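Enquirer: The structure under discussion is supplied below as structure tokens; questions concerning it will follow.
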Protein chains: 2
Amino acid sequence: MDGDRPDEFTLIKRYFAPLANDPGSLGLTDDAAVLTPTDGHDLVLTKDMLAAEVHFFSEDAPEAIAAKALRVNLSDLAAKGARPRGYLMGLALPADWTEAWLERFCKGLAADQAAYDVQLLGGDTIRSGNGLLVSITAIGEVETGKTVRRSGASPGDALFVSGTIGDAAAGLETRLHPQFSRDHDLTESEEQHILDRYLLPRPRTRLAGLITKFASAALDVSDGLIADCGHMAKASAVDITIDLDRIPLSGALQHLKVKVPQHFARCLNGGDDYEILASVPAGEAAAFQQSAQAAGCPVAEIGRVEQGQGDVHLTEAGKSVLLDFEGGFRHF
Amino acid sequence: MDGDRPDEFTLIKRYFAPLANDPGSLGLTDDAAVLTPTDGHDLVLTKDMLAAEVHFFSEDAPEAIAAKALRVNLSDLAAKGARPRGYLMGLALPADWTEAWLERFCKGLAADQAAYDVQLLGGDTIRSGNGLLVSITAIGEVETGKTVRRSGASPGDALFVSGTIGDAAAGLETRLHPQFSRDHDLTESEEQHILDRYLLPRPRTRLAGLITKFASAALDVSDGLIADCGHMAKASAVDITIDLDRIPLSGALQHLKVKVPQHFARCLNGGDDYEILASVPAGEAAAFQQSAQAAGCPVAEIGRVEQGQGDVHLTEAGKSVLLDFEGGFRHF
């Protein structure tokens, strides 16, 4: 690197090698990592790239940027039923990076590595043309043939979602327009909740084993709940009906639903939730819900899979509604 | 994306899905790729990230940028003895990207996928804060335990390098200072040769099998021949002696060696060669050289591994020399 800042070799030794405790990483002393797959398992590979001012704010805490970059990838693995094995990280540092920043960024990674039982396997650090960019490839394992896809949903399946929906989108709204919370009378703790949910996704890695056991199809909610239901419906060649009043909501979102339905509708499909959306055969629905509760990661049944050609239908109090981003939900 | 340009889903369908013919890519219709490892094999994982104006010029042909981004990763796999299986690509597009550009970029990938028998498995496309950035994770396979590391060189081993050295660095010099070739009386074909070598690395995938069969240690020459010998020497806790007059040189570099020794010295350790540097037990050296020749990828013996502690020594006409970037090579 430049000036009196350390070169790439020093960076690796000082900051990245301590994150690479898997023997396959070869301590980041080689050109490549070696991974010995567990017998009888497939590897699941996913890559999400995050750029400053597009996916996070460059003034966010470095620990939080690191955590988000890793977690959005772990979320994809969990939704496919895969247990994380490791990750490779490409880091494009802006011209004004500092060692103090990088130290905090790596502390964020270290904390998440411990929390999610995953290790750095390798990567690359370069100068960015402009802002920070983090490109992570995460690798998980799942028993051979057991990867859960988007395309397995069948008519009659129940539709589940983990956690609560809409918080991250409301949090982003508050980041962009700080008066949002005050304008809509959110309490301080409600405001903090939505800001946290935007800043720090919570990948549902604890559900991974239950997804392979019970789910016919699954994906993580990143584009928006209704959009992602559409992805599942199209990939599975079915229709999906969502009961709006069964979507699990935090206190903040319940409040918005009543006060500003048009914002609520946007947040509900705003994305960045990183919750798991899963279809489960009706006969297994109760067992899935109980097992998720026991795993400390509750899921709510929000709808059902029906015969169809890829459409998503919304109902509220038993009646069909249309999503209207200007006016909230519109009843026929 | 923005304006009248296609959104990410259209991009995937139109440009990336045709590159994803491996069944594990699931046609890029899911959140992750699935890779079933070949029984009895390890996976070798590498990640190199390239940024506009740092690793390539944004006005380079899109096909060439794509090829370089993929090939620098394939070069790492080859040097570890791994056969490529697939790759994931993160693409951060600048604000002014066009479909015509992307179409040519993907054509470059398609041509290389055919040439190197590798497939796109997955990835992510985002907006870049500034210039183009390509982040590729390549995945290869090698028989369990047979990955060749930097650290296995032993005293007595012979040191080999593939291809010719210094061309890419001279090519970069010519890109940066177009009068370079004329100032130093390079012929038009010599100039074209060094420009091509800078623009388009040639990963030595044909050597991968011979590397696992014969080499005690190997890496690809990307930082510079002498620097990379240093990496091998340090990782293996040995000394390495290079005979300068045995380093294989193109006509252009032979010319520079005579005309401008200080430029020649810089180019020799300039990097971006993407040739394979390998140590081979002396008893196997002749067989390695013959097999490489037969594989259409000649290697030259340029030195030897000796007892030591990680130092690199240079000799010329049997005498020790010091590398002096101002004055070329300095005899004691």
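Identifiers in this document derive from the order of the structure tokens: chains are assigned A, B, ..., residues are numbered from 1 separately in each chain, and ligands are numbered from 1 in order of occurrence.
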Going by DSSP on the backbone, which bits of stretch 25-250 of chain A are alpha helix (DSSP H)? Write them as JSON, numbers by chain, please.
Expert: {"A": [62, 63, 64, 65, 66, 67, 68, 69, 70, 71, 72, 73, 74, 75, 76, 77, 78, 79, 99, 100, 101, 102, 103, 104, 105, 106, 107, 108, 109, 110, 111, 112, 113, 114, 115, 116, 167, 168, 169, 170, 171, 172, 173, 174, 175, 176, 179, 180, 181, 182, 183, 188, 189, 190, 191, 192, 193, 194, 195, 196, 197, 198, 199, 208, 209, 210, 211, 212, 213, 214, 225, 226, 227, 228, 229, 230, 231, 232, 233, 234, 235, 236]}
Enquirer: Could you list, with a cut-off of 8 Å and counting only C-alpha atoms, the residues of chain B near chain A, each shown with its nearest atom pair and the distance in Å rounded to one decimal, rows sorted by chain and ascending number, as JSON lines?
Expert:
{"residue": "B:Thr29", "atom": "CA", "partner": "A:Ala235", "partner_atom": "CA", "distance": 7.7}
{"residue": "B:Asp30", "atom": "CA", "partner": "A:Arg150", "partner_atom": "CA", "distance": 6.2}
{"residue": "B:Asp31", "atom": "CA", "partner": "A:Asp76", "partner_atom": "CA", "distance": 6.2}
{"residue": "B:Ala32", "atom": "CA", "partner": "A:Thr46", "partner_atom": "CA", "distance": 4.6}
{"residue": "B:Ala33", "atom": "CA", "partner": "A:Leu45", "partner_atom": "CA", "distance": 5.0}
{"residue": "B:Val34", "atom": "CA", "partner": "A:Val44", "partner_atom": "CA", "distance": 4.6}
{"residue": "B:Leu35", "atom": "CA", "partner": "A:Leu43", "partner_atom": "CA", "distance": 5.0}
{"residue": "B:Thr36", "atom": "CA", "partner": "A:Asp42", "partner_atom": "CA", "distance": 4.7}
{"residue": "B:Pro37", "atom": "CA", "partner": "A:Asp42", "partner_atom": "CA", "distance": 6.6}
{"residue": "B:His41", "atom": "CA", "partner": "A:Thr36", "partner_atom": "CA", "distance": 7.3}
{"residue": "B:Asp42", "atom": "CA", "partner": "A:Thr36", "partner_atom": "CA", "distance": 4.7}
{"residue": "B:Leu43", "atom": "CA", "partner": "A:Leu35", "partner_atom": "CA", "distance": 5.0}
{"residue": "B:Val44", "atom": "CA", "partner": "A:Val34", "partner_atom": "CA", "distance": 4.6}
{"residue": "B:Leu45", "atom": "CA", "partner": "A:Ala33", "partner_atom": "CA", "distance": 5.0}
{"residue": "B:Thr46", "atom": "CA", "partner": "A:Ala32", "partner_atom": "CA", "distance": 4.6}
{"residue": "B:Lys47", "atom": "CA", "partner": "A:Gly123", "partner_atom": "CA", "distance": 5.2}
{"residue": "B:Asp48", "atom": "CA", "partner": "A:Asp124", "partner_atom": "CA", "distance": 5.6}
{"residue": "B:Met49", "atom": "CA", "partner": "A:Asp124", "partner_atom": "CA", "distance": 6.3}
{"residue": "B:Leu50", "atom": "CA", "partner": "A:Ile126", "partner_atom": "CA", "distance": 7.7}
{"residue": "B:Ala51", "atom": "CA", "partner": "A:Ser128", "partner_atom": "CA", "distance": 6.7}
{"residue": "B:Ala52", "atom": "CA", "partner": "A:Gly129", "partner_atom": "CA", "distance": 7.0}
{"residue": "B:Glu53", "atom": "CA", "partner": "A:Gly129", "partner_atom": "CA", "distance": 7.4}
{"residue": "B:Val54", "atom": "CA", "partner": "A:Arg127", "partner_atom": "CA", "distance": 7.4}
{"residue": "B:Asp76", "atom": "CA", "partner": "A:Asp31", "partner_atom": "CA", "distance": 6.2}
{"residue": "B:Leu77", "atom": "CA", "partner": "A:Ala32", "partner_atom": "CA", "distance": 7.4}
{"residue": "B:Lys80", "atom": "CA", "partner": "A:Ala32", "partner_atom": "CA", "distance": 7.6}
{"residue": "B:Leu88", "atom": "CA", "partner": "A:Lys47", "partner_atom": "CA", "distance": 7.0}
{"residue": "B:Met89", "atom": "CA", "partner": "A:Lys47", "partner_atom": "CA", "distance": 7.7}
{"residue": "B:Gly90", "atom": "CA", "partner": "A:Met49", "partner_atom": "CA", "distance": 6.4}
{"residue": "B:Gly122", "atom": "CA", "partner": "A:Thr46", "partner_atom": "CA", "distance": 6.9}
{"residue": "B:Gly123", "atom": "CA", "partner": "A:Lys47", "partner_atom": "CA", "distance": 5.2}
{"residue": "B:Asp124", "atom": "CA", "partner": "A:Asp48", "partner_atom": "CA", "distance": 5.7}
{"residue": "B:Thr125", "atom": "CA", "partner": "A:Met49", "partner_atom": "CA", "distance": 7.6}
{"residue": "B:Ile126", "atom": "CA", "partner": "A:Met49", "partner_atom": "CA", "distance": 7.1}
{"residue": "B:Arg127", "atom": "CA", "partner": "A:Val54", "partner_atom": "CA", "distance": 7.4}
{"residue": "B:Ser128", "atom": "CA", "partner": "A:Ala51", "partner_atom": "CA", "distance": 6.7}
{"residue": "B:Gly129", "atom": "CA", "partner": "A:Gly131", "partner_atom": "CA", "distance": 6.0}
{"residue": "B:Asn130", "atom": "CA", "partner": "A:Asn130", "partner_atom": "CA", "distance": 5.6}
{"residue": "B:Gly131", "atom": "CA", "partner": "A:Gly129", "partner_atom": "CA", "distance": 6.0}
{"residue": "B:Ser135", "atom": "CA", "partner": "A:Gly90", "partner_atom": "CA", "distance": 6.9}
{"residue": "B:Thr137", "atom": "CA", "partner": "A:Thr137", "partner_atom": "CA", "distance": 7.1}
{"residue": "B:Thr144", "atom": "CA", "partner": "A:Thr36", "partner_atom": "CA", "distance": 7.3}
{"residue": "B:Thr147", "atom": "CA", "partner": "A:Val34", "partner_atom": "CA", "distance": 7.5}
{"residue": "B:Arg149", "atom": "CA", "partner": "A:Asp30", "partner_atom": "CA", "distance": 6.6}
{"residue": "B:Arg150", "atom": "CA", "partner": "A:Asp30", "partner_atom": "CA", "distance": 6.2}
{"residue": "B:Leu219", "atom": "CA", "partner": "A:Asp31", "partner_atom": "CA", "distance": 7.0}
{"residue": "B:Ala235", "atom": "CA", "partner": "A:Thr29", "partner_atom": "CA", "distance": 7.7}
Enquirer: For the residues selected in the previous step, produce a file with N, CA and C atoms as a compact mmCIF listing (two decimals), in the first residue's frame.
Expert:
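Writing done, so here's part_36.txt:
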# COMPACT_ATOMS: atom_id res chain seq x y z
N THR B 29 -30.46 -19.59 -11.30
CA THR B 29 -31.84 -19.27 -10.93
C THR B 29 -32.04 -19.36 -9.42
N ASP B 30 -30.98 -19.67 -8.68
CA ASP B 30 -31.14 -19.82 -7.23
C ASP B 30 -30.17 -18.87 -6.52
N ASP B 31 -30.15 -18.90 -5.19
CA ASP B 31 -29.31 -17.98 -4.41
C ASP B 31 -27.88 -18.47 -4.31
N ALA B 32 -27.65 -19.71 -4.62
CA ALA B 32 -26.34 -20.31 -4.41
C ALA B 32 -26.12 -21.40 -5.44
N ALA B 33 -24.87 -21.77 -5.62
CA ALA B 33 -24.53 -22.87 -6.53
C ALA B 33 -24.25 -24.12 -5.70
N VAL B 34 -24.41 -25.26 -6.32
CA VAL B 34 -24.14 -26.52 -5.62
C VAL B 34 -23.05 -27.26 -6.38
N LEU B 35 -22.04 -27.69 -5.68
CA LEU B 35 -20.94 -28.37 -6.33
C LEU B 35 -20.72 -29.71 -5.63
N THR B 36 -20.83 -30.77 -6.40
CA THR B 36 -20.59 -32.10 -5.84
C THR B 36 -19.13 -32.45 -6.09
N PRO B 37 -18.33 -32.49 -5.03
CA PRO B 37 -16.90 -32.73 -5.24
C PRO B 37 -16.67 -34.13 -5.80
N HIS B 41 -10.98 -36.14 -3.91
CA HIS B 41 -10.33 -34.89 -4.32
C HIS B 41 -10.51 -33.79 -3.28
N ASP B 42 -9.52 -32.94 -3.18
CA ASP B 42 -9.64 -31.69 -2.43
C ASP B 42 -10.08 -30.59 -3.38
N LEU B 43 -10.66 -29.55 -2.79
CA LEU B 43 -10.96 -28.36 -3.58
C LEU B 43 -9.89 -27.31 -3.32
N VAL B 44 -9.47 -26.65 -4.35
CA VAL B 44 -8.51 -25.56 -4.24
C VAL B 44 -9.26 -24.27 -4.61
N LEU B 45 -9.17 -23.29 -3.72
CA LEU B 45 -9.96 -22.07 -3.86
C LEU B 45 -9.05 -20.86 -3.93
N THR B 46 -9.27 -20.00 -4.89
CA THR B 46 -8.44 -18.80 -4.98
C THR B 46 -9.29 -17.61 -5.39
N LYS B 47 -8.87 -16.43 -5.00
CA LYS B 47 -9.64 -15.22 -5.29
C LYS B 47 -8.69 -14.10 -5.65
N ASP B 48 -8.84 -13.57 -6.83
CA ASP B 48 -8.09 -12.38 -7.24
C ASP B 48 -9.09 -11.36 -7.74
N MET B 49 -8.88 -10.14 -7.32
CA MET B 49 -9.79 -9.04 -7.58
C MET B 49 -9.04 -8.04 -8.47
N LEU B 50 -9.69 -7.53 -9.50
CA LEU B 50 -9.04 -6.58 -10.42
C LEU B 50 -9.86 -5.31 -10.50
N ALA B 51 -9.19 -4.18 -10.40
CA ALA B 51 -9.87 -2.88 -10.47
C ALA B 51 -9.34 -2.08 -11.65
N ALA B 52 -10.25 -1.33 -12.28
CA ALA B 52 -9.89 -0.46 -13.40
C ALA B 52 -8.84 0.55 -12.96
N GLU B 53 -7.91 0.79 -13.80
CA GLU B 53 -6.81 1.76 -13.60
C GLU B 53 -5.81 1.29 -12.53
N VAL B 54 -6.07 0.13 -11.91
CA VAL B 54 -5.07 -0.46 -11.00
C VAL B 54 -4.48 -1.70 -11.68
N ASP B 76 -3.37 -19.29 -10.69
CA ASP B 76 -3.15 -19.77 -9.32
C ASP B 76 -3.52 -21.25 -9.17
N LEU B 77 -4.64 -21.63 -9.77
CA LEU B 77 -5.04 -23.03 -9.68
C LEU B 77 -3.99 -23.94 -10.31
N LYS B 80 -0.98 -24.67 -8.32
CA LYS B 80 -1.23 -25.58 -7.20
C LYS B 80 -1.51 -27.00 -7.67
N LEU B 88 -17.01 -18.23 -9.43
CA LEU B 88 -18.06 -17.26 -9.10
C LEU B 88 -17.51 -15.88 -9.42
N MET B 89 -18.35 -15.01 -9.94
CA MET B 89 -17.87 -13.69 -10.34
C MET B 89 -18.69 -12.58 -9.71
N GLY B 90 -18.02 -11.68 -9.03
CA GLY B 90 -18.64 -10.45 -8.57
C GLY B 90 -18.24 -9.34 -9.53
N GLY B 122 -21.81 -18.95 -10.35
CA GLY B 122 -22.68 -18.01 -9.64
C GLY B 122 -21.99 -16.68 -9.51
N GLY B 123 -22.63 -15.75 -8.82
CA GLY B 123 -22.00 -14.45 -8.66
C GLY B 123 -22.97 -13.38 -8.24
N ASP B 124 -22.54 -12.16 -8.43
CA ASP B 124 -23.33 -11.01 -8.01
C ASP B 124 -22.94 -9.83 -8.88
N THR B 125 -23.92 -9.02 -9.25
CA THR B 125 -23.66 -7.81 -10.04
C THR B 125 -24.19 -6.61 -9.27
N ILE B 126 -23.34 -5.63 -9.07
CA ILE B 126 -23.77 -4.43 -8.33
C ILE B 126 -23.30 -3.19 -9.07
N ARG B 127 -23.79 -2.05 -8.61
CA ARG B 127 -23.26 -0.80 -9.10
C ARG B 127 -21.96 -0.50 -8.37
N SER B 128 -20.95 -0.07 -9.06
CA SER B 128 -19.69 0.33 -8.43
C SER B 128 -19.80 1.80 -8.03
N GLY B 129 -19.12 2.15 -6.93
CA GLY B 129 -19.05 3.56 -6.57
C GLY B 129 -18.33 4.35 -7.65
N ASN B 130 -17.43 3.67 -8.37
CA ASN B 130 -16.65 4.37 -9.38
C ASN B 130 -16.36 3.45 -10.56
N GLY B 131 -15.12 3.03 -10.72
CA GLY B 131 -14.75 2.26 -11.90
C GLY B 131 -15.13 0.80 -11.79
N SER B 135 -14.29 -9.35 -9.31
CA SER B 135 -13.80 -10.18 -8.20
C SER B 135 -14.18 -11.62 -8.49
N THR B 137 -13.77 -15.72 -7.77
CA THR B 137 -13.32 -16.85 -6.93
C THR B 137 -13.33 -18.07 -7.82
N THR B 144 -6.86 -35.76 -3.32
CA THR B 144 -6.74 -35.46 -1.90
C THR B 144 -5.27 -35.46 -1.45
N THR B 147 -2.29 -31.19 -3.33
CA THR B 147 -2.10 -29.77 -3.65
C THR B 147 -0.64 -29.39 -3.43
N ARG B 149 2.22 -26.88 -2.64
CA ARG B 149 2.33 -25.63 -1.90
C ARG B 149 3.63 -24.90 -2.23
N ARG B 150 3.76 -23.72 -1.63
CA ARG B 150 5.01 -22.97 -1.78
C ARG B 150 6.12 -23.55 -0.93
N LEU B 219 4.46 -22.02 -7.38
CA LEU B 219 3.55 -20.87 -7.31
C LEU B 219 3.58 -20.20 -8.67
N ALA B 235 8.98 -19.69 2.46
CA ALA B 235 7.98 -20.68 2.89
C ALA B 235 8.62 -22.06 3.08
Enquirer: For the strand (DSSP E) assignment from backbone DSSP, which residues of stretch 55-272 of chain A qualify? Please present them as JSON, numbers by chain.
Expert: {"A": [83, 84, 85, 86, 87, 88, 89, 90, 91, 92, 93, 119, 120, 121, 122, 123, 124, 125, 126, 127, 133, 134, 135, 136, 137, 138, 139, 140, 141, 142, 143, 158, 159, 160, 161, 162, 217, 218, 219, 220, 238, 239, 240, 241, 242, 243]}
Enquirer: Out of A:Leu199, A:Pro178, A:Phe16, A:Arg85, which residue has the shortest atom-to-atom distance to A:Leu102 when counting only C-alpha atoms?
Expert: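 Comparing A:Leu199, A:Pro178, A:Phe16, A:Arg85 against A:Leu102, the winner is A:Phe16.
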Enquirer: Point out the residue among B:Arg246, B:Arg206, B:Lys68, B:His177 with the least atom-to-atom distance to B:Val161, counting only C-alpha atoms.
Expert: B:Arg246
Enquirer: When you count only C-alpha atoms, which of these residues is closest to A:Ala287: A:Val321, A:Ala215, A:Cys267, A:Ile247?
Expert: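 The closest residue to A:Ala287 is A:Ala215.
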